[in-house]
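K.L.:
Dropping in coords.cif, which is mmCIF, C-alpha atoms and all ligand atoms:
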```
data_entry
#
loop_
_atom_site.label_atom_id
_atom_site.label_comp_id
_atom_site.auth_asym_id
_atom_site.auth_seq_id
_atom_site.Cartn_x
_atom_site.Cartn_y
_atom_site.Cartn_z
CA MET A 1 0.00 0.00 0.00
CA GLY A 2 1.24 3.46 -0.93
CA LYS A 3 2.30 5.91 1.73
CA VAL A 4 0.01 8.78 2.63
CA VAL A 5 1.56 12.25 2.87
CA ALA A 6 -0.83 14.86 4.30
CA VAL A 7 0.05 18.45 3.49
CA TYR A 8 -1.70 20.01 6.44
CA SER A 9 -1.72 23.06 8.65
CA MET A 10 -4.20 24.64 11.04
CA LYS A 11 -3.46 27.97 9.39
CA GLY A 12 -4.78 29.05 6.01
CA GLY A 13 -2.83 30.53 3.15
CA VAL A 14 0.56 29.14 4.13
CA GLY A 15 1.35 27.32 0.87
CA LYS A 16 -0.24 23.89 1.41
CA SER A 17 -1.92 23.49 -1.96
CA SER A 18 1.07 24.78 -3.92
CA LEU A 19 3.32 22.41 -2.01
CA ALA A 20 0.95 19.44 -2.40
CA VAL A 21 0.98 19.85 -6.18
CA ASN A 22 4.74 20.32 -6.35
CA LEU A 23 5.40 17.35 -4.06
CA GLY A 24 3.07 15.19 -6.13
CA TRP A 25 4.89 16.08 -9.31
CA GLU A 26 8.28 15.60 -7.68
CA ALA A 27 7.20 12.23 -6.24
CA VAL A 28 6.46 10.98 -9.76
CA ARG A 29 9.73 12.36 -11.09
CA ALA A 30 11.82 10.91 -8.30
CA SER A 31 10.14 7.49 -7.98
CA GLY A 32 8.96 6.91 -11.54
CA GLY A 33 5.91 5.41 -9.85
CA LYS A 34 2.24 6.28 -9.54
CA VAL A 35 1.10 9.16 -7.37
CA LEU A 36 -2.38 10.33 -6.42
CA ILE A 37 -3.14 13.84 -5.25
CA TRP A 38 -6.37 13.81 -3.28
CA ASP A 39 -7.83 17.29 -2.83
CA VAL A 40 -10.00 17.32 0.28
CA ASP A 41 -10.39 21.12 0.45
CA ALA A 42 -13.63 22.67 -0.86
CA GLN A 43 -11.57 25.49 -2.38
CA GLY A 44 -10.20 22.99 -4.89
CA ALA A 45 -6.90 24.83 -5.22
CA ALA A 46 -4.80 21.74 -5.95
CA SER A 47 -7.37 20.61 -8.52
CA PHE A 48 -7.18 24.04 -10.16
CA LEU A 49 -3.37 24.16 -10.11
CA LEU A 50 -3.19 20.79 -11.85
CA GLY A 51 -4.87 22.34 -14.87
CA GLU A 52 -6.29 20.01 -17.43
CA THR A 53 -6.50 16.27 -17.94
CA GLY A 54 -4.36 14.42 -20.41
CA ALA A 55 -7.38 14.51 -22.72
CA GLY A 56 -7.42 18.32 -22.60
CA MET A 57 -10.54 18.42 -20.46
CA ALA A 58 -10.76 20.67 -17.43
CA LEU A 59 -10.17 18.82 -14.19
CA SER A 60 -12.56 19.27 -11.29
CA PRO A 61 -15.86 19.68 -13.13
CA GLY A 62 -17.58 20.10 -9.77
CA GLY A 63 -21.08 18.74 -9.55
CA GLY A 64 -20.96 17.83 -5.89
CA THR A 65 -19.42 14.38 -6.24
CA ALA A 66 -16.55 15.09 -3.83
CA LYS A 67 -18.85 14.98 -0.82
CA LYS A 68 -20.43 11.71 -1.98
CA ILE A 69 -17.08 9.99 -1.56
CA PHE A 70 -17.25 10.71 2.15
CA SER A 71 -20.87 9.59 2.51
CA ARG A 72 -19.82 6.37 0.70
CA ASP A 73 -22.21 6.94 -2.18
CA VAL A 74 -19.31 7.17 -4.63
CA ASP A 75 -16.22 4.95 -4.71
CA PRO A 76 -13.07 7.13 -4.68
CA ALA A 77 -11.49 4.81 -7.28
CA ASP A 78 -14.31 5.74 -9.69
CA VAL A 79 -13.61 9.47 -9.58
CA VAL A 80 -9.85 9.37 -10.05
CA GLU A 81 -8.79 11.50 -13.03
CA GLN A 82 -5.54 11.39 -14.95
CA THR A 83 -3.68 14.67 -15.05
CA ALA A 84 -1.65 15.85 -18.03
CA TYR A 85 1.41 14.32 -16.30
CA PRO A 86 1.85 10.56 -16.72
CA GLY A 87 1.86 8.82 -13.35
CA LEU A 88 0.11 11.69 -11.58
CA ASP A 89 -3.61 11.23 -10.83
CA LEU A 90 -6.09 13.44 -9.02
CA ILE A 91 -9.23 13.14 -6.96
CA ALA A 92 -10.62 16.63 -7.39
CA ALA A 93 -12.44 18.71 -4.81
CA ASP A 94 -15.52 20.83 -5.22
CA LEU A 95 -17.64 23.12 -3.05
CA SER A 96 -19.70 20.20 -1.76
CA LEU A 97 -16.80 19.62 0.66
CA ARG A 98 -17.39 22.91 2.46
CA HIS A 99 -19.08 21.20 5.42
CA LEU A 100 -16.84 18.13 5.40
CA ASP A 101 -15.79 18.61 8.99
CA ALA A 102 -19.40 18.68 10.21
CA ASP A 103 -20.44 15.90 7.83
CA LEU A 104 -17.74 13.59 9.16
CA LEU A 105 -18.62 14.43 12.74
CA GLU A 106 -22.25 13.64 12.06
CA ALA A 107 -21.43 10.36 10.34
CA ASP A 108 -19.60 9.39 13.54
CA ARG A 109 -17.06 7.24 11.70
CA PRO A 110 -13.65 8.34 13.00
CA LYS A 111 -11.82 6.05 10.56
CA ARG A 112 -13.81 7.01 7.44
CA LEU A 113 -10.93 8.85 5.75
CA ARG A 114 -8.47 6.13 6.68
CA LYS A 115 -10.67 3.42 5.19
CA LEU A 116 -11.32 5.42 2.02
CA LEU A 117 -7.60 5.91 1.60
CA ALA A 118 -7.03 2.19 1.99
CA ARG A 119 -9.34 1.64 -0.99
CA VAL A 120 -7.19 3.68 -3.34
CA ALA A 121 -3.70 3.56 -1.86
CA ASP A 122 -3.01 0.06 -3.19
CA ASP A 123 -2.86 1.41 -6.72
CA TYR A 124 -0.25 4.07 -5.86
CA ASP A 125 3.22 4.47 -4.47
CA TRP A 126 2.26 7.75 -2.83
CA VAL A 127 -0.98 9.52 -1.98
CA ILE A 128 -0.69 13.24 -1.27
CA LEU A 129 -3.59 14.86 0.59
CA ASP A 130 -4.18 18.58 0.12
CA CYS A 131 -5.95 19.46 3.35
CA PRO A 132 -8.06 22.49 4.24
CA PRO A 133 -6.93 24.64 7.18
CA GLY A 134 -8.46 23.89 10.56
CA LEU A 135 -8.23 21.71 13.62
CA GLY A 136 -11.37 19.61 14.02
CA GLU A 137 -12.86 16.27 13.04
CA LEU A 138 -11.26 16.21 9.59
CA SER A 139 -7.79 16.93 10.95
CA ASP A 140 -8.28 14.25 13.63
CA GLN A 141 -9.11 11.82 10.81
CA ILE A 142 -6.06 13.01 8.87
CA PHE A 143 -3.93 12.31 11.94
CA ARG A 144 -5.33 8.75 11.91
CA ALA A 145 -4.78 8.23 8.19
CA ALA A 146 -1.44 9.84 7.31
CA ASP A 147 1.98 8.21 7.33
CA VAL A 148 3.59 11.63 7.57
CA LEU A 149 2.33 15.17 8.10
CA VAL A 150 4.03 17.88 6.06
CA VAL A 151 3.21 21.15 7.80
CA PRO A 152 4.07 24.44 6.07
CA VAL A 153 4.86 27.11 8.65
CA VAL A 154 5.39 30.76 7.77
CA PRO A 155 8.36 32.28 9.60
CA ALA A 156 6.48 34.13 12.34
CA PRO A 157 6.13 33.62 16.09
CA LEU A 158 2.36 33.18 15.90
CA ALA A 159 2.78 30.46 13.30
CA LEU A 160 5.13 28.57 15.61
CA ARG A 161 2.56 28.86 18.37
CA THR A 162 -0.07 27.34 16.10
CA LEU A 163 2.33 24.53 15.25
CA GLU A 164 2.60 23.72 18.95
CA GLN A 165 -1.20 23.64 19.24
CA VAL A 166 -1.28 21.13 16.41
CA ARG A 167 1.49 19.08 18.00
CA ALA A 168 -0.45 18.98 21.27
CA ARG A 169 -3.67 17.86 19.55
CA LEU A 170 -1.75 15.22 17.61
CA ALA A 171 -0.25 13.83 20.81
CA GLU A 172 -3.61 13.96 22.58
CA THR A 173 -5.43 12.04 19.85
CA ARG A 174 -2.77 9.63 18.66
CA GLY A 175 -0.23 9.36 21.46
CA LYS A 176 2.59 7.03 20.46
CA LYS A 177 0.81 6.19 17.20
CA ALA A 178 1.06 9.77 15.96
CA PRO A 179 2.51 10.03 12.46
CA PRO A 180 5.80 11.90 12.21
CA MET A 181 5.49 15.59 11.46
CA LEU A 182 7.77 17.50 9.12
CA PRO A 183 7.40 21.26 9.57
CA VAL A 184 8.48 23.20 6.49
CA LEU A 185 9.38 26.87 6.63
CA SER A 186 7.23 28.32 3.88
CA MET A 187 7.45 31.62 1.97
CA VAL A 188 10.84 32.45 3.43
CA ASP A 189 12.30 35.83 2.47
CA ARG A 190 15.97 35.78 3.41
CA ARG A 191 16.15 39.58 3.17
CA LYS A 192 14.18 39.67 6.43
CA ALA A 193 16.18 39.28 9.64
CA LEU A 194 13.32 37.47 11.40
CA HIS A 195 13.07 34.96 8.58
CA ARG A 196 16.83 34.32 8.65
CA GLU A 197 16.66 33.82 12.42
CA MET A 198 13.83 31.30 12.08
CA VAL A 199 15.76 29.36 9.43
CA GLU A 200 18.82 29.26 11.70
CA GLU A 201 16.81 28.26 14.74
CA HIS A 202 15.13 25.37 12.87
CA SER A 203 18.02 24.34 10.70
CA HIS A 204 16.66 20.79 10.25
CA TRP A 205 13.38 22.01 8.70
CA PRO A 206 13.15 22.24 4.92
CA VAL A 207 12.78 25.77 3.54
CA ILE A 208 10.59 26.87 0.63
CA PRO A 209 11.57 30.39 -0.46
CA MET A 210 9.11 33.17 -1.15
CA ALA A 211 9.22 33.10 -4.94
CA SER A 212 7.18 34.61 -7.72
CA VAL A 213 7.42 31.35 -9.69
CA VAL A 214 5.27 29.71 -7.03
CA GLU A 215 2.61 32.40 -7.48
CA LYS A 216 2.88 31.90 -11.21
CA MET A 217 1.62 28.33 -10.80
CA GLY A 218 -1.85 29.89 -10.67
CA LEU A 219 -1.40 31.34 -14.14
CA GLU A 220 0.39 28.38 -15.66
CA ARG A 221 -1.90 25.94 -13.86
CA ALA A 222 1.02 23.57 -13.64
CA PRO A 223 3.52 22.23 -11.10
CA LEU A 224 6.74 24.22 -10.76
CA GLY A 225 8.82 21.42 -12.26
CA VAL A 226 6.93 21.81 -15.55
CA PHE A 227 7.68 25.47 -16.26
CA ALA A 228 10.38 26.47 -13.74
CA GLY A 229 12.28 23.27 -13.08
CA LYS A 230 15.55 25.12 -12.58
CA SER A 231 14.21 27.64 -10.05
CA SER A 232 15.44 27.62 -6.47
CA ALA A 233 11.88 26.91 -5.29
CA ALA A 234 11.77 23.75 -7.45
CA ALA A 235 15.16 22.72 -6.07
CA ALA A 236 13.81 23.24 -2.54
CA VAL A 237 10.85 20.96 -3.27
CA LYS A 238 13.22 18.32 -4.65
CA GLU A 239 15.35 18.49 -1.53
CA MET A 240 12.42 18.29 0.85
CA TRP A 241 10.93 15.31 -0.98
CA LYS A 242 14.09 13.39 -0.13
CA GLN A 243 13.46 14.21 3.52
CA VAL A 244 9.84 12.99 3.27
CA GLY A 245 11.02 9.76 1.67
CA ALA A 246 13.58 9.24 4.42
CA MET A 247 10.90 9.68 7.09
CA VAL A 248 8.48 7.07 5.78
CA GLY A 249 10.46 5.03 3.27
N1 LIG B 301 6.68 29.88 -1.70
C1 LIG B 301 5.79 30.81 -2.10
N2 LIG B 301 6.21 32.00 -2.58
C2 LIG B 301 5.32 32.93 -2.99
N3 LIG B 301 4.00 32.76 -2.96
C3 LIG B 301 3.51 31.61 -2.50
C4 LIG B 301 4.38 30.56 -2.04
N4 LIG B 301 3.60 29.51 -1.64
C5 LIG B 301 2.33 29.89 -1.85
N5 LIG B 301 2.27 31.14 -2.37
C6 LIG B 301 1.05 31.89 -2.70
O1 LIG B 301 0.32 32.11 -1.52
C7 LIG B 301 -1.07 31.90 -1.74
C8 LIG B 301 -1.56 30.76 -0.86
O2 LIG B 301 -0.93 29.57 -1.29
P1 LIG B 301 -1.68 28.16 -1.19
O3 LIG B 301 -3.02 28.24 -1.82
O4 LIG B 301 -0.73 27.15 -1.68
O5 LIG B 301 -1.83 28.08 0.39
P2 LIG B 301 -2.78 27.15 1.26
O6 LIG B 301 -2.12 26.95 2.56
O7 LIG B 301 -3.15 25.94 0.50
O8 LIG B 301 -4.09 28.05 1.43
P3 LIG B 301 -5.49 27.57 2.04
O9 LIG B 301 -5.30 27.46 3.51
O10 LIG B 301 -6.44 28.66 1.64
O11 LIG B 301 -5.81 26.24 1.42
C9 LIG B 301 -1.23 31.63 -3.22
O12 LIG B 301 -1.54 32.83 -3.88
C10 LIG B 301 0.13 31.13 -3.64
O13 LIG B 301 0.41 31.41 -4.99
MG MG B 302 -5.00 25.12 0.04
#
```
For the file at hand, write its structure as structure tokens.
P.N.:
Amino acid sequence: MGKVVAVYSMKGGVGKSSLAVNLGWEAVRASGGKVLIWDVDAQGAASFLLGETGAGMALSPGGGTAKKIFSRDVDPADVVEQTAYPGLDLIAADLSLRHLDADLLEADRPKRLRKLLARVADDYDWVILDCPPGLGELSDQIFRAADVLVVPVVPAPLALRTLEQVRARLAETRGKKAPPMLPVLSMVDRRKALHREMVEEHSHWPVIPMASVVEKMGLERAPLGVFAGKSSAAAAVKEMWKQVGAMVG
């Protein structure tokens, strides 16, 4: 069964979706295997960033199917789409996921996500989850389902505080069974003294630089490796993927 990498943070707007897409692409490049990106965020950012299918059709047509996966009315394997990149598949998100946290709580099935993942993970070497921000039922289920948590953290004291809140919840819910967590310093601007200090202080954490090529993913609707493979941000993704592999390989 493929390993599950959850790109997760309690905070919003820290670079999760961009990183999920870039890690997915890098995982295919590095392993030559099959990788699934599963977008579980109603915003559908990862689905959008992955652009179009190999057949030239827009990914993520919407239609409310995403929610039906979680109510078990739709088999996740039936809604997998091929992206334009061989080896990289997607389960797209749509707005029907906007109450996913509440829906899961109501269903009262704490292992629902874990079991759904087990249904698809056999067909892949890696499954990358693009998670919505928050700390609730869905994140508890993510903590039960993931083999590793990749947590983008912006270089700011409040962000570190939030990371500790997540760490505490993870320990509370999973204890010794908690998946390992890899914090990643995200959107780092080395011109800023505070950012440099944070990088020094957490020298074992991967660093993703603040870079306009990452923003450009939204225009290109493609992973960094496709249109800016030689950028320092792409190199940083490559480097951090090695670290992820070492943690769960
Ligand atoms: N390393 C980076 N350098 C510059 N801009 C970035 C970087 N990473 C992400 N961004 C930009 O920041 C914004 C938020 O990124 P992204 O959507 O990946 O974050 P997110 O954590 O998934 O957000 P949300 O919590 O809303 O899901 C986007 O406009 C994206 O282009
Ligand atoms: Mg996102």
K.L.:
Which residues of chain A have any atom within 6 Å of an atom in ligand MG 302 (chain B) when counting only C-alpha atoms and all ligand atoms, and what is the closest pair of atoms for each, with the distance in Å to one decimal? Order the rows by chain and rising number and write it as JSON lines.
P.N.:
```
{"residue": "A:Lys16", "atom": "CA", "partner": "B:MG302", "partner_atom": "MG", "distance": 5.1}
{"residue": "A:Ser17", "atom": "CA", "partner": "B:MG302", "partner_atom": "MG", "distance": 4.0}
{"residue": "A:Ala45", "atom": "CA", "partner": "B:MG302", "partner_atom": "MG", "distance": 5.6}
{"residue": "A:Pro132", "atom": "CA", "partner": "B:MG302", "partner_atom": "MG", "distance": 5.8}
```
K.L.:
Within 6 Å of ligand LIG 301 (chain B) (counting all atoms listed in the file), which residues show up? I'd like them as a list in words.
P.N.:
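What falls inside 6 Å of ligand LIG 301 (chain B) is Gly12, Gly13, Val14, Gly15, Lys16, Ser17, Ser18, Pro132, Pro133, Ser186, Met187, Ile208, Pro209, Met210, Ala211, Ser212, Val214 and Glu215 of chain A.
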K.L.:
Please, what distance in Å, to one decimal, runs between CA of Gly44 in chain A and CA of Asp130 in chain A?
P.N.:
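Calculated distance between CA of Gly44 in chain A and CA of Asp130 in chain A is 9.0 Å.
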K.L.:
Would you mind reading off the distance between CA of Leu116 in chain A and CA of Ala77 in chain A, one decimal, in Å?
P.N.:
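Rounded to one decimal, the two atoms are 9.3 Å apart.
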K.L.:
Determine, using only C-alpha atoms, which residues of range 191-210 of chain A have any atom at most 9 Å from an atom of range 148-159 of chain A, and tabulate each with its shortest atom pair and distance in Å to one decimal place, rows ordered by chain and then rising number, as a Markdown table.
P.N.:
```
| residue | atom | partner | partner_atom | distance |
| --- | --- | --- | --- | --- |
| A:Leu194 | CA | A:Pro155 | CA | 7.4 |
| A:His195 | CA | A:Pro155 | CA | 5.5 |
| A:Arg196 | CA | A:Pro155 | CA | 8.8 |
| A:Glu197 | CA | A:Pro155 | CA | 8.9 |
| A:Met198 | CA | A:Pro155 | CA | 6.1 |
| A:Val199 | CA | A:Pro155 | CA | 8.0 |
| A:Ile208 | CA | A:Pro152 | CA | 8.8 |
```
K.L.:
What's around Val35 in chain A at 12 Å? Count only C-alpha atoms, leave out sequence neighbours fewer than 2 positions away in its own chain, and write the answer as an NGL selection string.
P.N.:
:A and (1-5 or 20-33 or 37-38 or 80-83 or 85-91 or 120-129)
K.L.:
If I take CA of Ala46 in chain A and CA of Val248 in chain A, how far is one from the other in Å, to one decimal?
P.N.:
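Going from CA of Ala46 in chain A over to CA of Val248 in chain A, I get 23.0 Å.
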K.L.:
Could you make a table, as JSON lines, of the residues of range 131-207 of chain A that have an atom within 6 Å of an atom of range 92-114 of chain A, each with its nearest atom pair and distance in Å to one decimal, counting all atoms listed in the file, in chain and number order?
P.N.:
```
{"residue": "A:Glu137", "atom": "CA", "partner": "A:Asp101", "partner_atom": "CA", "distance": 5.5}
{"residue": "A:Leu138", "atom": "CA", "partner": "A:Asp101", "partner_atom": "CA", "distance": 5.2}
{"residue": "A:Ala145", "atom": "CA", "partner": "A:Arg114", "partner_atom": "CA", "distance": 4.5}
```
K.L.:
Set out as a tab-separated table a contact list for range 55-149 of chain A and range 161-169 of chain A with a cut-off of 10 Å, giving each residue of range 55-149 of chain A that qualifies its closest atom pair and distance in Å to one decimal, counting all atoms listed in the file, ordered by chain and rising residue number.
P.N.:
```
residue	atom	partner	partner_atom	distance
A:Gly134	CA	A:Val166	CA	9.7
A:Leu135	CA	A:Val166	CA	7.5
A:Gly136	CA	A:Arg169	CA	9.6
A:Ser139	CA	A:Val166	CA	9.5
A:Asp140	CA	A:Arg169	CA	8.3
A:Phe143	CA	A:Arg169	CA	9.4
```
K.L.:
Put the listed atoms of range 232-244 of chain A in a box along x, y and z with 6 Å added on every side and give me the centre and edge lengths in Å to one decimal, as AutoDock Vina command-line options.
P.N.:
```
--center_x 12.6 --center_y 20.3 --center_z -2.0 --size_x 17.6 --size_y 26.6 --size_z 23.0
```
K.L.:
Distance cut-off 7 Å, centre (2.2, 20.6, -11.5) in file coordinates, counting only C-alpha atoms: which residues qualify? Return them as a list in words.
P.N.:
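Applying the cut-off with only C-alpha atoms, one gets Val21, Asn22, Trp25, Leu49, Leu50, Ala222, Pro223, Leu224, Gly225 and Val226 of chain A.
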